[in-house]
>>> print(open('work08.cif').read())   # mmCIF, C-alpha atoms (C1' of nucleotides) and all ligand atoms
data_work
#
loop_
_atom_site.label_atom_id
_atom_site.label_comp_id
_atom_site.auth_asym_id
_atom_site.auth_seq_id
_atom_site.Cartn_x
_atom_site.Cartn_y
_atom_site.Cartn_z
CA MET A 1 -11.73 -107.57 -161.14
CA VAL A 2 -13.91 -105.10 -159.29
CA SER A 3 -12.29 -104.35 -155.96
CA THR A 4 -14.15 -102.80 -153.07
CA THR A 5 -11.67 -99.95 -153.30
CA GLN A 6 -12.72 -99.29 -156.85
CA GLU A 7 -16.39 -99.59 -156.04
CA LEU A 8 -16.05 -97.01 -153.30
CA LYS A 9 -14.11 -94.59 -155.43
CA GLU A 10 -16.66 -94.84 -158.19
CA ALA A 11 -19.29 -93.97 -155.64
CA GLY A 12 -17.28 -90.90 -154.73
CA LEU A 13 -16.23 -92.22 -151.33
CA LYS A 14 -12.76 -92.47 -149.85
CA ALA A 15 -11.66 -96.08 -149.64
CA THR A 16 -11.27 -96.54 -145.91
CA VAL A 17 -10.95 -99.79 -143.99
CA PRO A 18 -14.35 -99.57 -142.29
CA ARG A 19 -16.10 -98.88 -145.57
CA MET A 20 -14.41 -101.78 -147.29
CA LYS A 21 -15.16 -104.23 -144.50
CA ILE A 22 -18.80 -103.22 -144.34
CA LEU A 23 -19.18 -103.44 -148.09
CA GLU A 24 -17.65 -106.93 -148.00
CA ILE A 25 -20.08 -108.07 -145.33
CA LEU A 26 -23.06 -106.82 -147.27
CA ASP A 27 -21.72 -108.50 -150.37
CA GLN A 28 -21.05 -111.86 -148.72
CA ARG A 29 -24.47 -111.91 -147.11
CA ARG A 30 -26.33 -110.70 -150.10
CA ASP A 31 -29.33 -112.89 -149.32
CA ASP A 32 -29.75 -111.18 -145.98
CA HIS A 33 -31.37 -107.96 -145.10
CA MET A 34 -29.41 -106.69 -142.15
CA THR A 35 -29.75 -104.10 -139.41
CA ALA A 36 -26.80 -101.89 -138.49
CA GLU A 37 -26.45 -103.99 -135.35
CA ASP A 38 -26.27 -107.18 -137.46
CA VAL A 39 -23.43 -105.72 -139.48
CA TYR A 40 -21.70 -104.59 -136.31
CA LYS A 41 -21.92 -108.09 -134.81
CA VAL A 42 -20.23 -109.60 -137.85
CA LEU A 43 -17.48 -107.02 -137.53
CA LEU A 44 -17.01 -108.01 -133.89
CA GLU A 45 -16.83 -111.68 -134.84
CA ASN A 46 -14.15 -110.78 -137.35
CA ASN A 47 -12.27 -108.88 -134.66
CA GLU A 48 -12.46 -105.64 -136.55
CA ASP A 49 -12.02 -102.52 -134.49
CA ILE A 50 -14.92 -100.56 -135.96
CA GLY A 51 -17.45 -98.68 -133.88
CA LEU A 52 -21.21 -98.94 -134.14
CA ALA A 53 -21.42 -95.22 -134.88
CA THR A 54 -19.24 -95.76 -137.91
CA VAL A 55 -21.48 -98.58 -139.09
CA TYR A 56 -24.45 -96.23 -138.98
CA ARG A 57 -22.53 -93.46 -140.67
CA VAL A 58 -21.21 -95.70 -143.41
CA LEU A 59 -24.56 -97.32 -144.10
CA THR A 60 -26.17 -93.91 -144.43
CA GLN A 61 -23.43 -92.79 -146.79
CA PHE A 62 -23.82 -95.96 -148.83
CA GLU A 63 -27.51 -95.27 -149.04
CA GLN A 64 -26.93 -91.73 -150.26
CA ALA A 65 -24.42 -93.00 -152.79
CA GLY A 66 -26.98 -95.52 -154.02
CA LEU A 67 -24.91 -98.53 -152.93
CA VAL A 68 -27.48 -99.84 -150.48
CA HIS A 69 -31.20 -99.63 -149.94
CA ARG A 70 -32.78 -98.94 -146.57
CA HIS A 71 -36.04 -100.62 -145.62
CA HIS A 72 -38.55 -99.99 -142.87
CA PHE A 73 -40.14 -103.33 -142.16
CA GLU A 74 -42.58 -103.83 -139.33
CA GLY A 75 -40.67 -103.35 -136.13
CA GLY A 76 -39.16 -100.02 -136.91
CA GLN A 77 -35.39 -100.50 -137.25
CA SER A 78 -33.73 -99.72 -140.51
CA ILE A 79 -32.82 -102.75 -142.58
CA PHE A 80 -30.14 -102.55 -145.24
CA GLU A 81 -29.32 -104.54 -148.33
CA LEU A 82 -26.84 -104.14 -151.12
CA ALA A 83 -28.39 -102.32 -154.07
CA GLN A 84 -27.49 -104.75 -156.76
CA GLY A 85 -29.41 -106.32 -159.58
CA GLU A 86 -32.92 -105.35 -160.47
CA HIS A 87 -35.36 -103.47 -158.34
CA HIS A 88 -37.49 -105.87 -156.35
CA ASP A 89 -40.09 -105.93 -153.62
CA HIS A 90 -40.29 -108.08 -150.50
CA MET A 91 -42.46 -110.71 -148.86
CA LEU A 92 -41.72 -111.42 -145.20
CA CYS A 93 -42.60 -114.27 -142.89
CA THR A 94 -43.86 -112.80 -139.64
CA VAL A 95 -42.96 -116.00 -137.79
CA CYS A 96 -39.38 -116.84 -138.78
CA GLY A 97 -38.40 -113.53 -140.34
CA LYS A 98 -37.53 -115.02 -143.70
CA VAL A 99 -37.37 -112.48 -146.51
CA GLU A 100 -38.32 -113.36 -150.05
CA GLU A 101 -37.89 -111.12 -153.05
CA PHE A 102 -40.13 -110.72 -156.04
CA VAL A 103 -40.79 -108.52 -159.04
CA ASP A 104 -44.14 -107.96 -160.65
CA GLU A 105 -44.14 -105.84 -163.76
CA GLU A 106 -47.86 -105.32 -163.62
CA ILE A 107 -47.67 -103.88 -160.11
CA GLU A 108 -44.82 -101.62 -161.13
CA LYS A 109 -46.85 -100.33 -164.06
CA ARG A 110 -49.94 -99.70 -161.95
CA GLN A 111 -47.91 -97.74 -159.45
CA LEU A 112 -46.58 -95.48 -162.15
CA ALA A 113 -50.08 -95.01 -163.49
CA ILE A 114 -51.43 -94.09 -160.06
CA ALA A 115 -48.68 -91.53 -159.50
CA LYS A 116 -49.10 -90.08 -162.96
CA LYS A 117 -52.84 -89.75 -162.60
CA ALA A 118 -52.44 -87.79 -159.37
CA GLY A 119 -49.73 -85.65 -160.91
CA TYR A 120 -46.97 -86.92 -158.64
CA ARG A 121 -43.36 -87.16 -159.72
CA ILE A 122 -42.61 -90.56 -158.22
CA THR A 123 -39.26 -90.96 -156.48
CA ASP A 124 -39.54 -94.32 -154.80
CA HIS A 125 -41.92 -96.92 -153.53
CA SER A 126 -41.99 -99.78 -151.10
CA LEU A 127 -44.19 -102.84 -151.14
CA TYR A 128 -44.02 -105.36 -148.34
CA ILE A 129 -46.22 -108.43 -148.17
CA TYR A 130 -46.43 -109.96 -144.70
CA GLY A 131 -47.50 -113.54 -144.12
CA VAL A 132 -46.56 -116.98 -142.88
CA CYS A 133 -44.17 -119.00 -145.01
CA PRO A 134 -44.95 -122.61 -145.98
CA ASN A 135 -42.40 -123.91 -143.51
CA CYS A 136 -43.86 -122.03 -140.56
CA GLN A 137 -47.38 -123.05 -141.53
CA LYS A 138 -46.40 -126.69 -141.16
CA LYS A 139 -44.77 -126.19 -137.79
CA GLY A 140 -47.65 -124.12 -136.50
CA LYS A 141 -49.97 -127.12 -136.88
CA MET B 1 -76.14 -93.08 -132.82
CA VAL B 2 -72.84 -94.83 -132.37
CA SER B 3 -71.15 -93.42 -129.27
CA THR B 4 -67.47 -93.77 -128.64
CA THR B 5 -68.43 -95.64 -125.47
CA GLN B 6 -70.28 -98.17 -127.53
CA GLU B 7 -67.49 -98.47 -130.07
CA LEU B 8 -65.00 -99.21 -127.32
CA LYS B 9 -67.18 -101.80 -125.64
CA GLU B 10 -67.73 -103.56 -128.92
CA ALA B 11 -63.98 -103.70 -129.32
CA GLY B 12 -63.75 -105.32 -125.89
CA LEU B 13 -62.22 -102.30 -124.22
CA LYS B 14 -63.34 -100.51 -121.07
CA ALA B 15 -64.75 -97.11 -121.92
CA THR B 16 -62.33 -94.79 -120.19
CA VAL B 17 -61.90 -91.06 -120.66
CA PRO B 18 -58.46 -91.26 -122.32
CA ARG B 19 -59.66 -93.88 -124.78
CA MET B 20 -62.72 -91.87 -125.71
CA LYS B 21 -60.77 -88.65 -126.18
CA ILE B 22 -58.15 -90.34 -128.35
CA LEU B 23 -60.78 -92.06 -130.43
CA GLU B 24 -62.51 -88.72 -130.94
CA ILE B 25 -59.31 -87.06 -132.11
CA LEU B 26 -58.62 -89.82 -134.60
CA ASP B 27 -62.19 -89.56 -135.81
CA GLN B 28 -62.21 -85.79 -136.19
CA ARG B 29 -58.91 -85.82 -138.04
CA ARG B 30 -59.73 -88.74 -140.22
CA ASP B 31 -57.80 -87.28 -143.15
CA ASP B 32 -54.65 -87.18 -141.11
CA HIS B 33 -52.16 -89.87 -140.38
CA MET B 34 -50.86 -89.00 -136.95
CA THR B 35 -47.95 -89.93 -134.74
CA ALA B 36 -48.52 -90.60 -131.05
CA GLU B 37 -46.92 -87.24 -130.39
CA ASP B 38 -49.39 -85.54 -132.74
CA VAL B 39 -52.29 -87.03 -130.82
CA TYR B 40 -50.69 -86.02 -127.55
CA LYS B 41 -50.30 -82.42 -128.74
CA VAL B 42 -53.99 -82.19 -129.58
CA LEU B 43 -54.82 -83.50 -126.12
CA LEU B 44 -52.61 -80.82 -124.60
CA GLU B 45 -54.34 -78.14 -126.69
CA ASN B 46 -57.66 -79.43 -125.39
CA ASN B 47 -56.33 -79.25 -121.83
CA GLU B 48 -56.82 -82.93 -121.25
CA ASP B 49 -54.78 -84.44 -118.48
CA ILE B 50 -53.62 -87.51 -120.37
CA GLY B 51 -50.04 -88.70 -120.42
CA LEU B 52 -47.98 -89.58 -123.47
CA ALA B 53 -47.49 -93.09 -122.14
CA THR B 54 -51.23 -93.54 -122.16
CA VAL B 55 -51.43 -92.33 -125.74
CA TYR B 56 -48.93 -94.98 -126.77
CA ARG B 57 -50.70 -97.67 -124.74
CA VAL B 58 -54.10 -96.78 -126.10
CA LEU B 59 -52.97 -96.60 -129.70
CA THR B 60 -51.37 -100.02 -129.38
CA GLN B 61 -54.54 -101.41 -127.86
CA PHE B 62 -56.61 -99.85 -130.61
CA GLU B 63 -54.33 -101.44 -133.13
CA GLN B 64 -54.70 -104.86 -131.52
CA ALA B 65 -58.45 -104.40 -131.42
CA GLY B 66 -58.43 -103.52 -135.09
CA LEU B 67 -59.64 -99.97 -134.52
CA VAL B 68 -56.55 -98.31 -135.97
CA HIS B 69 -53.80 -99.16 -138.40
CA ARG B 70 -50.15 -98.49 -137.73
CA HIS B 71 -47.85 -97.43 -140.54
CA HIS B 72 -44.09 -97.26 -140.87
CA PHE B 73 -43.44 -94.53 -143.37
CA GLU B 74 -39.93 -93.36 -144.16
CA GLY B 75 -38.55 -91.75 -141.05
CA GLY B 76 -39.23 -94.45 -138.60
CA GLN B 77 -41.96 -93.32 -136.21
CA SER B 78 -45.23 -95.14 -136.06
CA ILE B 79 -48.09 -93.37 -137.81
CA PHE B 80 -51.67 -94.15 -136.90
CA GLU B 81 -54.99 -93.78 -138.66
CA LEU B 82 -58.50 -94.87 -137.86
CA ALA B 83 -59.29 -98.21 -139.45
CA GLN B 84 -62.48 -97.27 -141.17
CA GLY B 85 -63.79 -97.76 -144.64
CA GLU B 86 -62.09 -99.90 -147.22
CA HIS B 87 -58.51 -101.02 -147.18
CA HIS B 88 -56.31 -98.56 -149.04
CA ASP B 89 -52.69 -97.84 -149.78
CA HIS B 90 -50.77 -94.59 -149.56
CA MET B 91 -48.89 -92.14 -151.71
CA LEU B 92 -46.78 -89.58 -149.85
CA CYS B 93 -45.20 -86.29 -150.83
CA THR B 94 -41.64 -86.27 -149.57
CA VAL B 95 -41.59 -82.47 -149.60
CA CYS B 96 -44.74 -81.34 -147.78
CA GLY B 97 -45.68 -84.63 -146.15
CA LYS B 98 -49.12 -84.79 -147.74
CA VAL B 99 -50.68 -88.24 -147.68
CA GLU B 100 -52.97 -89.45 -150.43
CA GLU B 101 -54.92 -92.68 -150.36
CA PHE B 102 -55.69 -95.00 -153.21
CA VAL B 103 -57.00 -98.45 -154.00
CA ASP B 104 -56.02 -100.54 -156.98
CA GLU B 105 -57.82 -103.81 -157.37
CA GLU B 106 -55.30 -105.12 -159.85
CA ILE B 107 -52.41 -104.59 -157.44
CA GLU B 108 -54.38 -106.27 -154.67
CA LYS B 109 -55.01 -109.27 -156.88
CA ARG B 110 -51.40 -109.55 -157.95
CA GLN B 111 -50.26 -109.49 -154.35
CA LEU B 112 -52.54 -112.35 -153.48
CA ALA B 113 -51.29 -114.26 -156.48
CA ILE B 114 -47.66 -113.72 -155.51
CA ALA B 115 -48.28 -114.91 -151.96
CA LYS B 116 -50.26 -117.90 -153.15
CA LYS B 117 -47.62 -118.93 -155.63
CA ALA B 118 -44.95 -118.91 -152.91
CA GLY B 119 -47.24 -120.78 -150.52
CA TYR B 120 -47.53 -117.92 -148.06
CA ARG B 121 -50.63 -117.36 -145.94
CA ILE B 122 -50.82 -113.60 -146.36
CA THR B 123 -51.65 -111.59 -143.25
CA ASP B 124 -51.04 -108.04 -144.31
CA HIS B 125 -49.29 -105.82 -146.77
CA SER B 126 -48.12 -102.25 -147.09
CA LEU B 127 -47.56 -100.27 -150.24
CA TYR B 128 -46.20 -96.76 -150.06
CA ILE B 129 -45.48 -94.64 -153.11
CA TYR B 130 -43.14 -91.73 -152.44
CA GLY B 131 -42.94 -88.71 -154.69
CA VAL B 132 -43.46 -85.00 -155.07
CA CYS B 133 -47.01 -83.72 -155.22
CA PRO B 134 -48.17 -81.36 -157.99
CA ASN B 135 -48.20 -78.45 -155.58
CA CYS B 136 -44.63 -78.96 -154.42
CA GLN B 137 -43.45 -79.43 -158.01
CA LYS B 138 -44.70 -75.95 -158.85
CA LYS B 139 -43.04 -74.33 -155.86
CA GLY B 140 -39.79 -76.14 -156.47
CA LYS B 141 -39.31 -74.21 -159.77
"C1'" DG C 1 -76.51 -94.39 -104.80
"C1'" DG C 2 -72.30 -96.62 -102.50
"C1'" DA C 3 -68.77 -100.27 -101.65
"C1'" DT C 4 -65.34 -103.60 -103.93
"C1'" DG C 5 -61.97 -105.52 -106.93
"C1'" DT C 6 -59.64 -105.04 -111.11
"C1'" DA C 7 -58.06 -102.69 -114.89
"C1'" DA C 8 -56.27 -98.31 -116.46
"C1'" DT C 9 -53.64 -94.16 -115.83
"C1'" DG C 10 -49.85 -90.41 -115.03
"C1'" DA C 11 -45.33 -89.42 -114.16
"C1'" DG C 12 -40.99 -90.49 -114.54
"C1'" DA C 13 -37.43 -93.82 -115.25
"C1'" DA C 14 -35.60 -96.94 -118.40
"C1'" DG C 15 -34.77 -99.16 -122.95
"C1'" DC C 16 -33.55 -99.16 -127.81
"C1'" DT C 17 -32.06 -97.41 -131.85
"C1'" DT C 18 -29.72 -93.81 -134.05
"C1'" DT C 19 -27.05 -89.46 -134.15
"C1'" DT C 20 -23.60 -86.15 -132.61
"C1'" DG C 21 -19.28 -83.94 -130.60
"C1'" DC C 22 -14.66 -84.13 -130.35
"C1'" DA C 23 -9.94 -85.68 -129.93
"C1'" DT C 24 -7.28 -88.75 -132.73
"C1'" DT C 25 -6.20 -91.38 -136.81
"C1'" DT C 26 -6.23 -92.36 -141.70
"C1'" DG C 27 -6.28 -91.75 -146.68
"C1'" DT C 28 -4.98 -89.01 -150.55
"C1'" DA C 29 -2.64 -86.14 -153.43
"C1'" DA C 30 1.15 -83.40 -153.78
"C1'" DT D 1 7.05 -87.95 -146.94
"C1'" DT D 2 4.39 -84.28 -145.76
"C1'" DA D 3 0.21 -81.98 -145.04
"C1'" DC D 4 -4.54 -81.47 -144.53
"C1'" DA D 5 -9.14 -82.65 -144.91
"C1'" DA D 6 -11.99 -86.36 -144.16
"C1'" DA D 7 -13.13 -90.27 -141.44
"C1'" DT D 8 -13.19 -92.78 -137.14
"C1'" DG D 9 -13.89 -94.51 -132.15
"C1'" DC D 10 -15.72 -93.56 -128.08
"C1'" DA D 11 -18.85 -91.65 -125.11
"C1'" DA D 12 -22.54 -88.73 -124.56
"C1'" DA D 13 -26.86 -87.28 -126.23
"C1'" DA D 14 -31.07 -87.46 -128.64
"C1'" DG D 15 -35.27 -89.31 -130.30
"C1'" DC D 16 -39.05 -92.56 -129.85
"C1'" DT D 17 -41.35 -96.04 -127.25
"C1'" DT D 18 -42.08 -99.04 -123.27
"C1'" DC D 19 -42.10 -100.14 -118.46
"C1'" DT D 20 -42.76 -99.56 -113.29
"C1'" DC D 21 -45.49 -98.52 -109.73
"C1'" DA D 22 -48.31 -95.75 -106.75
"C1'" DT D 23 -52.79 -93.81 -107.49
"C1'" DT D 24 -57.29 -93.42 -109.80
"C1'" DA D 25 -61.30 -94.71 -112.39
"C1'" DC D 26 -64.45 -98.05 -114.19
"C1'" DA D 27 -67.73 -101.83 -113.91
"C1'" DT D 28 -70.28 -104.80 -111.04
"C1'" DC D 29 -72.91 -106.02 -107.40
"C1'" DC D 30 -75.29 -104.77 -103.51
MN MN A 201 -34.07 -107.40 -151.07
MN MN A 202 -54.85 -93.93 -144.82
ZN ZN A 203 -41.46 -118.56 -141.71
ZN ZN A 204 -46.10 -81.86 -151.45
#
>>> encode(input="work08.cif", output="structure tokens", more="lines below")
Ligand SMILES: [Mn+2]
Ligand SMILES: [Mn+2]
Ligand SMILES: [Zn+2]
Ligand SMILES: [Zn+2]
Amino acid sequence: MVSTTQELKEAGLKATVPRMKILEILDQRRDDHMTAEDVYKVLLENNEDIGLATVYRVLTQFEQAGLVHRHHFEGGQSIFELAQGEHHDHMLCTVCGKVEEFVDEEIEKRQLAIAKKAGYRITDHSLYIYGVCPNCQKKGK
Amino acid sequence: MVSTTQELKEAGLKATVPRMKILEILDQRRDDHMTAEDVYKVLLENNEDIGLATVYRVLTQFEQAGLVHRHHFEGGQSIFELAQGEHHDHMLCTVCGKVEEFVDEEIEKRQLAIAKKAGYRITDHSLYIYGVCPNCQKKGK
DNA sequence: GGATGTAATGAGAAGCTTTTGCATTTGTAA
DNA sequence: TTACAAATGCAAAAGCTTCTCATTACATCC
């Protein structure tokens, strides 16, 4: 059994109540890609006494510890998701906001090749495809 | 000769002084990828009496008219560049901030295929590769 | 060229998201 | 349990961006 306490300790973080609650929320909603405000709202619903500043602080710490990934989708705010499973990229519906994940080995390879050719030591990359999902295409006539 | 006045009219925008000045700056610095603040600073240097609010308004209008592209690199602020020439993606040095452009037909194709397979009508995409440029690798030991 | 109506602008206030300062609380390791 | 550093809540502050509104500039028509 992998407790949140254990997970936090392994990440080199003290196992505090706010950190455990936030980690749980991210874990339960693993299909979502949430803003700090989203996480905060769930905490409020659960009657947790955790401040928004702490949510921001904890999410940033989680990011630095490699527990979560931060995205910058269109719109500006930071979006967080639990860093679990394989690396993947994202396709977003600009109408309903749905987020779909995908992996394409060929694209990954090409990216490495491009970086290598230019002499860059690659640290990260982000690929977002924006479009209208099948569902929203129907509704939109 | 393609005047800025003409360019603006073709885009359906009144040819005002602020719009012409901003378009000129983007055109002169076509290698750069500038924030609104960057553009504003150049205006100040040139002793133009143009407010920051106008810079934001104009850049947004240019974006809607298809004259500029807006990016969301790591860090949050909007980054603008003149929408000229072919579509391209970006590779950024996380140390010095250098921006390099590239095009990869294979990646473009794969993206279309991914969207098609999922039934999405693709509207846009953004691919950013982050890394350390050759120059910064040398300096960094 | 000059008048007219509308769209655009500058300045500052306001809005959002995110970060920071600080007094207080909590977790950890003796 | 105790002790101390680390973490937290709250409020204030700090970006970045948008909005409001009185004033100005542009385009059109004379
Ligand atoms: Mn994801
Ligand atoms: Mn570019
Ligand atoms: Zn949709
Ligand atoms: Zn560099």
>>> interface_residues(input="work08.cif", of="chain C", to="chain B", cutoff="9 Å", atoms="only C-alpha atoms (C1' of nucleotides)", output="ChimeraX atom specification")
/C:7-11
>>> residues_around(input="work08.cif", residues="Glu37 in chain A", least_positions_apart="2", cutoff="9 Å", atoms="all atoms listed in the file", output="number ranges by chain")
A: 34-35, 39-42, 52, 55-56
>>> residues_near_ligand(input="work08.cif", ligand="ligand MN 201 (chain A)", cutoff="10 Å", atoms="only C-alpha atoms (C1' of nucleotides) and all ligand atoms", output="ChimeraX atom specification")
/A:30-33,69-71,79-91,99-102
>>> write_last_selection(input="work08.cif", atoms="C-alpha atoms", output="PDB file, in the frame of the given file")
ATOM      1  CA  ARG A  30     -26.330-110.700-150.100  1.00  0.00           C
ATOM      2  CA  ASP A  31     -29.330-112.890-149.320  1.00  0.00           C
ATOM      3  CA  ASP A  32     -29.750-111.180-145.980  1.00  0.00           C
ATOM      4  CA  HIS A  33     -31.370-107.960-145.100  1.00  0.00           C
ATOM      5  CA  HIS A  69     -31.200 -99.630-149.940  1.00  0.00           C
ATOM      6  CA  ARG A  70     -32.780 -98.940-146.570  1.00  0.00           C
ATOM      7  CA  HIS A  71     -36.040-100.620-145.620  1.00  0.00           C
ATOM      8  CA  ILE A  79     -32.820-102.750-142.580  1.00  0.00           C
ATOM      9  CA  PHE A  80     -30.140-102.550-145.240  1.00  0.00           C
ATOM     10  CA  GLU A  81     -29.320-104.540-148.330  1.00  0.00           C
ATOM     11  CA  LEU A  82     -26.840-104.140-151.120  1.00  0.00           C
ATOM     12  CA  ALA A  83     -28.390-102.320-154.070  1.00  0.00           C
ATOM     13  CA  GLN A  84     -27.490-104.750-156.760  1.00  0.00           C
ATOM     14  CA  GLY A  85     -29.410-106.320-159.580  1.00  0.00           C
ATOM     15  CA  GLU A  86     -32.920-105.350-160.470  1.00  0.00           C
ATOM     16  CA  HIS A  87     -35.360-103.470-158.340  1.00  0.00           C
ATOM     17  CA  HIS A  88     -37.490-105.870-156.350  1.00  0.00           C
ATOM     18  CA  ASP A  89     -40.090-105.930-153.620  1.00  0.00           C
ATOM     19  CA  HIS A  90     -40.290-108.080-150.500  1.00  0.00           C
ATOM     20  CA  MET A  91     -42.460-110.710-148.860  1.00  0.00           C
ATOM     21  CA  VAL A  99     -37.370-112.480-146.510  1.00  0.00           C
ATOM     22  CA  GLU A 100     -38.320-113.360-150.050  1.00  0.00           C
ATOM     23  CA  GLU A 101     -37.890-111.120-153.050  1.00  0.00           C
ATOM     24  CA  PHE A 102     -40.130-110.720-156.040  1.00  0.00           C
TER      25      PHE A 102
END
>>> atom_distance(input="work08.cif", atom1="CA of Cys136 in chain A", atom2="CA of Gly119 in chain B")
10.6 Å
>>> interface_residues(input="work08.cif", of="chain D", to="chain A", cutoff="8 Å", atoms="only C-alpha atoms (C1' of nucleotides)", output="VMD selection string")
chain D and resid 7 to 10
>>> write_last_selection(input="work08.cif", atoms="C-alpha atoms (C1' of nucleotides)", output="short mmCIF file (atom, residue, chain, number, x, y, z; two decimals), keeping the file's coordinate frame")
data_model
loop_
_atom_site.label_atom_id
_atom_site.label_comp_id
_atom_site.auth_asym_id
_atom_site.auth_seq_id
_atom_site.Cartn_x
_atom_site.Cartn_y
_atom_site.Cartn_z
"C1'" DA D 7 -13.13 -90.27 -141.44
"C1'" DT D 8 -13.19 -92.78 -137.14
"C1'" DG D 9 -13.89 -94.51 -132.15
"C1'" DC D 10 -15.72 -93.56 -128.08
#
>>> residues_around(input="work08.cif", residues="DT17 in chain C", least_positions_apart="3", cutoff="10 Å", atoms="all atoms listed in the file", output="VMD selection string")
(chain A and resid 36 to 37 76 to 78) or (chain D and resid 15 to 16)
